>>> print(open('start36.cif').read())   # mmCIF, C-alpha atoms, pLDDT in the B column; chains and numbers go by the auth columns
data_query
#
loop_
_atom_site.group_PDB
_atom_site.id
_atom_site.type_symbol
_atom_site.label_atom_id
_atom_site.label_comp_id
_atom_site.label_asym_id
_atom_site.label_seq_id
_atom_site.Cartn_x
_atom_site.Cartn_y
_atom_site.Cartn_z
_atom_site.B_iso_or_equiv
_atom_site.auth_seq_id
_atom_site.auth_asym_id
ATOM 1 C CA MET A 1 -54.789 21.917 128.776 82.00 1 A
ATOM 2 C CA LYS A 2 -56.345 19.941 131.616 89.00 2 A
ATOM 3 C CA CYS A 3 -60.091 19.298 131.324 92.00 3 A
ATOM 4 C CA PRO A 4 -62.039 21.044 134.130 93.00 4 A
ATOM 5 C CA SER A 5 -64.656 18.268 134.055 93.00 5 A
ATOM 6 C CA CYS A 6 -62.638 15.042 134.215 94.00 6 A
ATOM 7 C CA GLY A 7 -59.064 16.294 134.732 92.00 7 A
ATOM 8 C CA PHE A 8 -57.689 14.575 131.619 94.00 8 A
ATOM 9 C CA PRO A 9 -54.459 16.391 130.628 93.00 9 A
ATOM 10 C CA ASP A 10 -55.073 16.479 126.855 94.00 10 A
ATOM 11 C CA SER A 11 -57.523 18.495 124.761 93.00 11 A
ATOM 12 C CA LYS A 12 -57.778 19.780 121.218 94.00 12 A
ATOM 13 C CA VAL A 13 -58.536 23.298 120.045 94.00 13 A
ATOM 14 C CA VAL A 14 -61.891 23.460 118.239 95.00 14 A
ATOM 15 C CA ASP A 15 -62.103 27.223 117.648 94.00 15 A
ATOM 16 C CA SER A 16 -59.738 30.133 118.197 92.00 16 A
ATOM 17 C CA ARG A 17 -60.316 33.890 117.881 91.00 17 A
ATOM 18 C CA PRO A 18 -58.731 37.106 119.130 88.00 18 A
ATOM 19 C CA ILE A 19 -60.452 39.144 121.835 85.00 19 A
ATOM 20 C CA GLU A 20 -61.499 42.759 121.097 75.00 20 A
ATOM 21 C CA ASP A 21 -58.179 44.550 121.628 71.00 21 A
ATOM 22 C CA GLY A 22 -56.084 41.745 120.122 73.00 22 A
ATOM 23 C CA SER A 23 -53.986 41.253 123.252 73.00 23 A
ATOM 24 C CA SER A 24 -55.527 37.893 124.109 85.00 24 A
ATOM 25 C CA ILE A 25 -57.022 34.843 122.388 91.00 25 A
ATOM 26 C CA ARG A 26 -60.211 32.946 123.236 93.00 26 A
ATOM 27 C CA ARG A 27 -60.022 29.208 122.522 94.00 27 A
ATOM 28 C CA ARG A 28 -62.791 26.595 122.573 96.00 28 A
ATOM 29 C CA ARG A 29 -61.341 23.224 123.499 96.00 29 A
ATOM 30 C CA GLU A 30 -62.644 19.681 123.555 96.00 30 A
ATOM 31 C CA CYS A 31 -61.448 17.068 126.023 95.00 31 A
ATOM 32 C CA ALA A 32 -59.865 14.031 124.330 94.00 32 A
ATOM 33 C CA SER A 33 -61.268 11.745 127.046 94.00 33 A
ATOM 34 C CA CYS A 34 -64.819 12.815 127.952 95.00 34 A
ATOM 35 C CA GLY A 35 -65.600 15.026 124.943 94.00 35 A
ATOM 36 C CA LYS A 36 -66.779 18.004 127.030 96.00 36 A
ATOM 37 C CA ARG A 37 -66.032 21.457 125.639 96.00 37 A
ATOM 38 C CA PHE A 38 -64.585 24.358 127.603 95.00 38 A
ATOM 39 C CA THR A 39 -63.182 27.833 126.940 94.00 39 A
ATOM 40 C CA THR A 40 -59.688 29.109 127.717 93.00 40 A
ATOM 41 C CA PHE A 41 -58.145 32.554 127.342 90.00 41 A
ATOM 42 C CA GLU A 42 -54.498 33.177 126.508 88.00 42 A
ATOM 43 C CA VAL A 43 -52.773 36.484 127.186 81.00 43 A
ATOM 44 C CA ILE A 44 -49.316 37.657 126.269 73.00 44 A
ATOM 45 C CA ASP A 45 -46.978 37.452 129.231 70.00 45 A
ATOM 46 C CA HIS A 46 -44.636 40.437 129.124 71.00 46 A
ATOM 47 C CA ILE A 47 -41.194 40.105 130.627 76.00 47 A
ATOM 48 C CA GLN A 48 -40.641 42.599 133.425 85.00 48 A
ATOM 49 C CA VAL A 49 -37.486 44.527 132.565 90.00 49 A
ATOM 50 C CA LEU A 50 -35.364 45.796 135.453 93.00 50 A
ATOM 51 C CA VAL A 51 -33.626 49.129 134.976 95.00 51 A
ATOM 52 C CA CYS A 52 -30.191 49.529 136.560 95.00 52 A
ATOM 53 C CA LYS A 53 -29.787 53.162 137.538 92.00 53 A
ATOM 54 C CA LYS A 54 -26.539 55.137 137.762 89.00 54 A
ATOM 55 C CA ASP A 55 -26.557 54.975 141.579 93.00 55 A
ATOM 56 C CA GLY A 56 -26.696 51.161 141.456 92.00 56 A
ATOM 57 C CA THR A 57 -30.335 50.771 142.436 95.00 57 A
ATOM 58 C CA LYS A 58 -32.711 48.719 140.333 95.00 58 A
ATOM 59 C CA GLU A 59 -36.379 49.281 139.576 95.00 59 A
ATOM 60 C CA LEU A 60 -38.956 47.980 137.137 94.00 60 A
ATOM 61 C CA PHE A 61 -39.099 49.708 133.757 93.00 61 A
ATOM 62 C CA ASP A 62 -41.649 52.500 133.933 92.00 62 A
ATOM 63 C CA ARG A 63 -42.924 53.573 130.527 91.00 63 A
ATOM 64 C CA SER A 64 -44.458 56.740 131.982 93.00 64 A
ATOM 65 C CA LYS A 65 -41.021 58.036 133.041 93.00 65 A
ATOM 66 C CA LEU A 66 -39.646 57.518 129.543 94.00 66 A
ATOM 67 C CA LEU A 67 -42.734 59.076 127.977 94.00 67 A
ATOM 68 C CA SER A 68 -42.493 62.098 130.269 94.00 68 A
ATOM 69 C CA GLY A 69 -38.938 62.857 129.127 92.00 69 A
ATOM 70 C CA LEU A 70 -39.808 62.291 125.479 94.00 70 A
ATOM 71 C CA MET A 71 -42.874 64.537 125.698 95.00 71 A
ATOM 72 C CA LYS A 72 -40.805 67.376 127.125 93.00 72 A
ATOM 73 C CA ALA A 73 -38.279 67.007 124.302 92.00 73 A
ATOM 74 C CA CYS A 74 -40.997 66.764 121.637 93.00 74 A
ATOM 75 C CA GLN A 75 -43.148 69.605 122.932 93.00 75 A
ATOM 76 C CA LYS A 76 -44.484 71.692 120.018 92.00 76 A
ATOM 77 C CA ARG A 77 -42.589 69.502 117.548 92.00 77 A
ATOM 78 C CA PRO A 78 -44.076 67.246 114.837 93.00 78 A
ATOM 79 C CA VAL A 79 -42.945 64.112 116.652 92.00 79 A
ATOM 80 C CA ASN A 80 -45.120 61.399 118.175 94.00 80 A
ATOM 81 C CA ALA A 81 -43.518 60.833 121.593 93.00 81 A
ATOM 82 C CA GLU A 82 -46.055 58.094 122.339 93.00 82 A
ATOM 83 C CA GLN A 83 -44.959 56.105 119.294 93.00 83 A
ATOM 84 C CA ILE A 84 -41.263 56.490 120.114 94.00 84 A
ATOM 85 C CA ALA A 85 -41.900 55.331 123.691 93.00 85 A
ATOM 86 C CA SER A 86 -43.795 52.303 122.351 90.00 86 A
ATOM 87 C CA GLU A 87 -40.956 51.445 119.964 92.00 87 A
ATOM 88 C CA ILE A 88 -38.393 51.661 122.767 93.00 88 A
ATOM 89 C CA GLU A 89 -40.540 49.549 125.095 91.00 89 A
ATOM 90 C CA SER A 90 -40.998 46.944 122.347 88.00 90 A
ATOM 91 C CA GLU A 91 -37.254 46.802 121.692 91.00 91 A
ATOM 92 C CA LEU A 92 -36.595 46.275 125.391 91.00 92 A
ATOM 93 C CA GLN A 93 -39.240 43.515 125.591 86.00 93 A
ATOM 94 C CA ASN A 94 -37.984 41.829 122.418 85.00 94 A
ATOM 95 C CA SER A 95 -34.367 41.866 123.576 85.00 95 A
ATOM 96 C CA LEU A 96 -35.396 39.301 126.241 83.00 96 A
ATOM 97 C CA ARG A 97 -32.799 40.799 128.578 88.00 97 A
ATOM 98 C CA PRO A 98 -33.972 40.867 132.181 89.00 98 A
ATOM 99 C CA GLU A 99 -31.905 43.988 132.999 94.00 99 A
ATOM 100 C CA VAL A 100 -31.017 47.131 131.070 95.00 100 A
ATOM 101 C CA THR A 101 -29.187 50.294 132.139 94.00 101 A
ATOM 102 C CA THR A 102 -30.562 53.817 132.070 92.00 102 A
ATOM 103 C CA THR A 103 -27.683 54.638 129.712 90.00 103 A
ATOM 104 C CA GLU A 104 -28.917 52.076 127.182 93.00 104 A
ATOM 105 C CA ILE A 105 -32.459 53.446 127.372 94.00 105 A
ATOM 106 C CA GLY A 106 -31.188 57.017 126.969 92.00 106 A
ATOM 107 C CA GLU A 107 -29.023 56.128 123.971 91.00 107 A
ATOM 108 C CA LEU A 108 -31.925 54.278 122.369 93.00 108 A
ATOM 109 C CA ALA A 109 -34.184 57.308 122.881 93.00 109 A
ATOM 110 C CA MET A 110 -31.547 59.644 121.435 90.00 110 A
ATOM 111 C CA ARG A 111 -31.070 57.443 118.374 92.00 111 A
ATOM 112 C CA LYS A 112 -34.823 57.425 117.714 94.00 112 A
ATOM 113 C CA LEU A 113 -35.161 61.180 118.264 92.00 113 A
ATOM 114 C CA LYS A 114 -32.145 61.952 116.078 88.00 114 A
ATOM 115 C CA SER A 115 -33.803 60.257 113.111 89.00 115 A
ATOM 116 C CA ALA A 116 -37.212 61.804 113.887 91.00 116 A
ATOM 117 C CA ASP A 117 -36.456 65.468 114.677 90.00 117 A
ATOM 118 C CA ALA A 118 -33.182 67.338 115.276 87.00 118 A
ATOM 119 C CA VAL A 119 -34.684 69.876 117.694 89.00 119 A
ATOM 120 C CA ALA A 120 -36.317 67.207 119.859 92.00 120 A
ATOM 121 C CA TYR A 121 -33.028 65.295 119.801 88.00 121 A
ATOM 122 C CA VAL A 122 -31.024 68.316 121.022 86.00 122 A
ATOM 123 C CA ARG A 123 -33.575 69.040 123.745 88.00 123 A
ATOM 124 C CA PHE A 124 -33.401 65.462 125.004 89.00 124 A
ATOM 125 C CA ALA A 125 -29.601 65.327 124.694 84.00 125 A
ATOM 126 C CA SER A 126 -29.155 68.555 126.676 80.00 126 A
ATOM 127 C CA VAL A 127 -30.896 66.998 129.685 82.00 127 A
ATOM 128 C CA TYR A 128 -29.697 63.409 129.216 76.00 128 A
ATOM 129 C CA ARG A 129 -26.018 64.301 128.675 75.00 129 A
ATOM 130 C CA GLU A 130 -26.168 67.028 131.327 74.00 130 A
ATOM 131 C CA PHE A 131 -24.497 69.764 129.282 73.00 131 A
ATOM 132 C CA LYS A 132 -22.497 71.879 131.710 73.00 132 A
ATOM 133 C CA ASP A 133 -21.818 74.850 129.460 74.00 133 A
ATOM 134 C CA VAL A 134 -22.591 76.418 126.083 78.00 134 A
ATOM 135 C CA GLU A 135 -19.470 74.950 124.460 79.00 135 A
ATOM 136 C CA THR A 136 -20.585 71.369 125.151 78.00 136 A
ATOM 137 C CA PHE A 137 -23.979 72.255 123.715 74.00 137 A
ATOM 138 C CA MET A 138 -22.349 73.758 120.611 81.00 138 A
ATOM 139 C CA GLU A 139 -20.206 70.636 120.106 80.00 139 A
ATOM 140 C CA GLU A 140 -23.346 68.512 120.005 77.00 140 A
ATOM 141 C CA LEU A 141 -24.935 70.890 117.490 78.00 141 A
ATOM 142 C CA ARG A 142 -21.815 70.793 115.304 81.00 142 A
ATOM 143 C CA GLY A 143 -21.838 67.004 115.413 79.00 143 A
ATOM 144 C CA LEU A 144 -25.494 66.991 114.422 76.00 144 A
ATOM 145 C CA GLN A 145 -24.850 69.450 111.584 75.00 145 A
ATOM 146 C CA THR A 146 -21.824 67.475 110.335 76.00 146 A
ATOM 147 C CA GLY A 147 -23.858 64.270 110.389 66.00 147 A
ATOM 148 C CA SER A 148 -26.674 65.807 108.334 59.00 148 A
ATOM 149 C CA GLU A 149 -24.193 67.275 105.820 59.00 149 A
ATOM 150 C CA GLN A 150 -22.599 63.847 105.346 59.00 150 A
ATOM 151 C CA GLU A 151 -26.041 62.299 104.768 59.00 151 A
ATOM 152 C CA GLU A 152 -26.817 64.917 102.104 57.00 152 A
ATOM 153 C CA GLN A 153 -23.555 64.184 100.266 57.00 153 A
ATOM 154 C CA ALA A 154 -24.159 60.425 100.266 55.00 154 A
#
>>> encode(input="start36.cif", output="structure tokens")
Amino acid sequence: MKCPSCGFPDSKVVDSRPIEDGSSIRRRRECASCGKRFTTFEVIDHIQVLVCKKDGTKELFDRSKLLSGLMKACQKRPVNAEQIASEIESELQNSLRPEVTTTEIGELAMRKLKSADAVAYVRFASVYREFKDVETFMEELRGLQTGSEQEEQA
């Protein structure tokens, strides 16, 4: 870190502590040349994830859109949509991929909902998979029921 007083490019950290919300760090530094002390702040730099939509357009990931869909699916259910949205956002950030498709986000949301609550999962799946008729809906329910029966037997 360059000293603001003399411009020397090297300094040592004297003290370091997190800021209130834990998303940044305050550091006291001392210049290796002139000995003056100064304060720096470090913040986490999040990678902006681009979402490739079905029509070929691209836009920045918008957590509020994901949360909106999850909240509709989880309405009046014992599921924390906020937490699921945070987990999905974290997975996308941690993947370090600059682009992700809406299909990948949808599948990730369905996987999380399936393990959290079957009703919320079916609600989300009915919109996400665009069920055209009752038979398609019933197939999904049968698959869900078969999956839970296999888990009980294991």
>>> residues_around(input="start36.cif", residues="stretch 40-49 of chain A", least_positions_apart="3", cutoff="12 Å", atoms="only C-alpha atoms", output="PyMOL selection string")
chain A and resi 1-4+11-19+21-30+37+52+58-63+89-102+105
>>> atom_distance(input="start36.cif", atom1="atom CA of A:Arg123", atom2="atom CA of A:Ser86")
19.7 Å
>>> axis_aligned_box(input="start36.cif", around="stretch 41-59 of chain A", padding_each_side="6 Å", output="lines of an AutoDock Vina configuration file")
center_x = -42.3
center_y = 43.8
center_z = 134.4
size_x = 43.6
size_y = 34.6
size_z = 28.2
>>> resolve_selection(input="start36.cif", expression="the PyMOL selection byres ((chain A and resi 141) around 12)", output="PyMOL selection string")
chain A and resi 114+118-119+121-123+125-126+131+134-140+142-148
>>> residues_around(input="start36.cif", residues="A:Val79", least_positions_apart="6", cutoff="9 Å", atoms="only C-alpha atoms", output="number ranges by chain")
A: 113, 116-117, 120
>>> resolve_selection(input="start36.cif", expression="the PyMOL selection byres ((chain A and resi 109) around 9)", output="PyMOL selection string")
chain A and resi 66+70+84-85+88+104-108+110-114+121+124
>>> atom_distance(input="start36.cif", atom1="atom CA of A:Arg129", atom2="atom CA of A:Leu67")
17.5 Å
>>> resolve_selection(input="start36.cif", expression="the PyMOL selection byres ((chain A and resi 33) around 10)", output="list in words")
Cys3, Cys6, Gly7, Phe8, Pro9, Asp10, Ser11, Glu30, Cys31, Ala32, Cys34, Gly35 and Lys36 of chain A
>>> write_last_selection(input="start36.cif", atoms="C-alpha atoms", output="tab-separated table (two decimals), in the coordinates of the input")
chain	number	residue	atom	x	y	z
A	3	CYS	CA	-60.09	19.30	131.32
A	6	CYS	CA	-62.64	15.04	134.22
A	7	GLY	CA	-59.06	16.29	134.73
A	8	PHE	CA	-57.69	14.58	131.62
A	9	PRO	CA	-54.46	16.39	130.63
A	10	ASP	CA	-55.07	16.48	126.86
A	11	SER	CA	-57.52	18.50	124.76
A	30	GLU	CA	-62.64	19.68	123.56
A	31	CYS	CA	-61.45	17.07	126.02
A	32	ALA	CA	-59.86	14.03	124.33
A	34	CYS	CA	-64.82	12.82	127.95
A	35	GLY	CA	-65.60	15.03	124.94
A	36	LYS	CA	-66.78	18.00	127.03
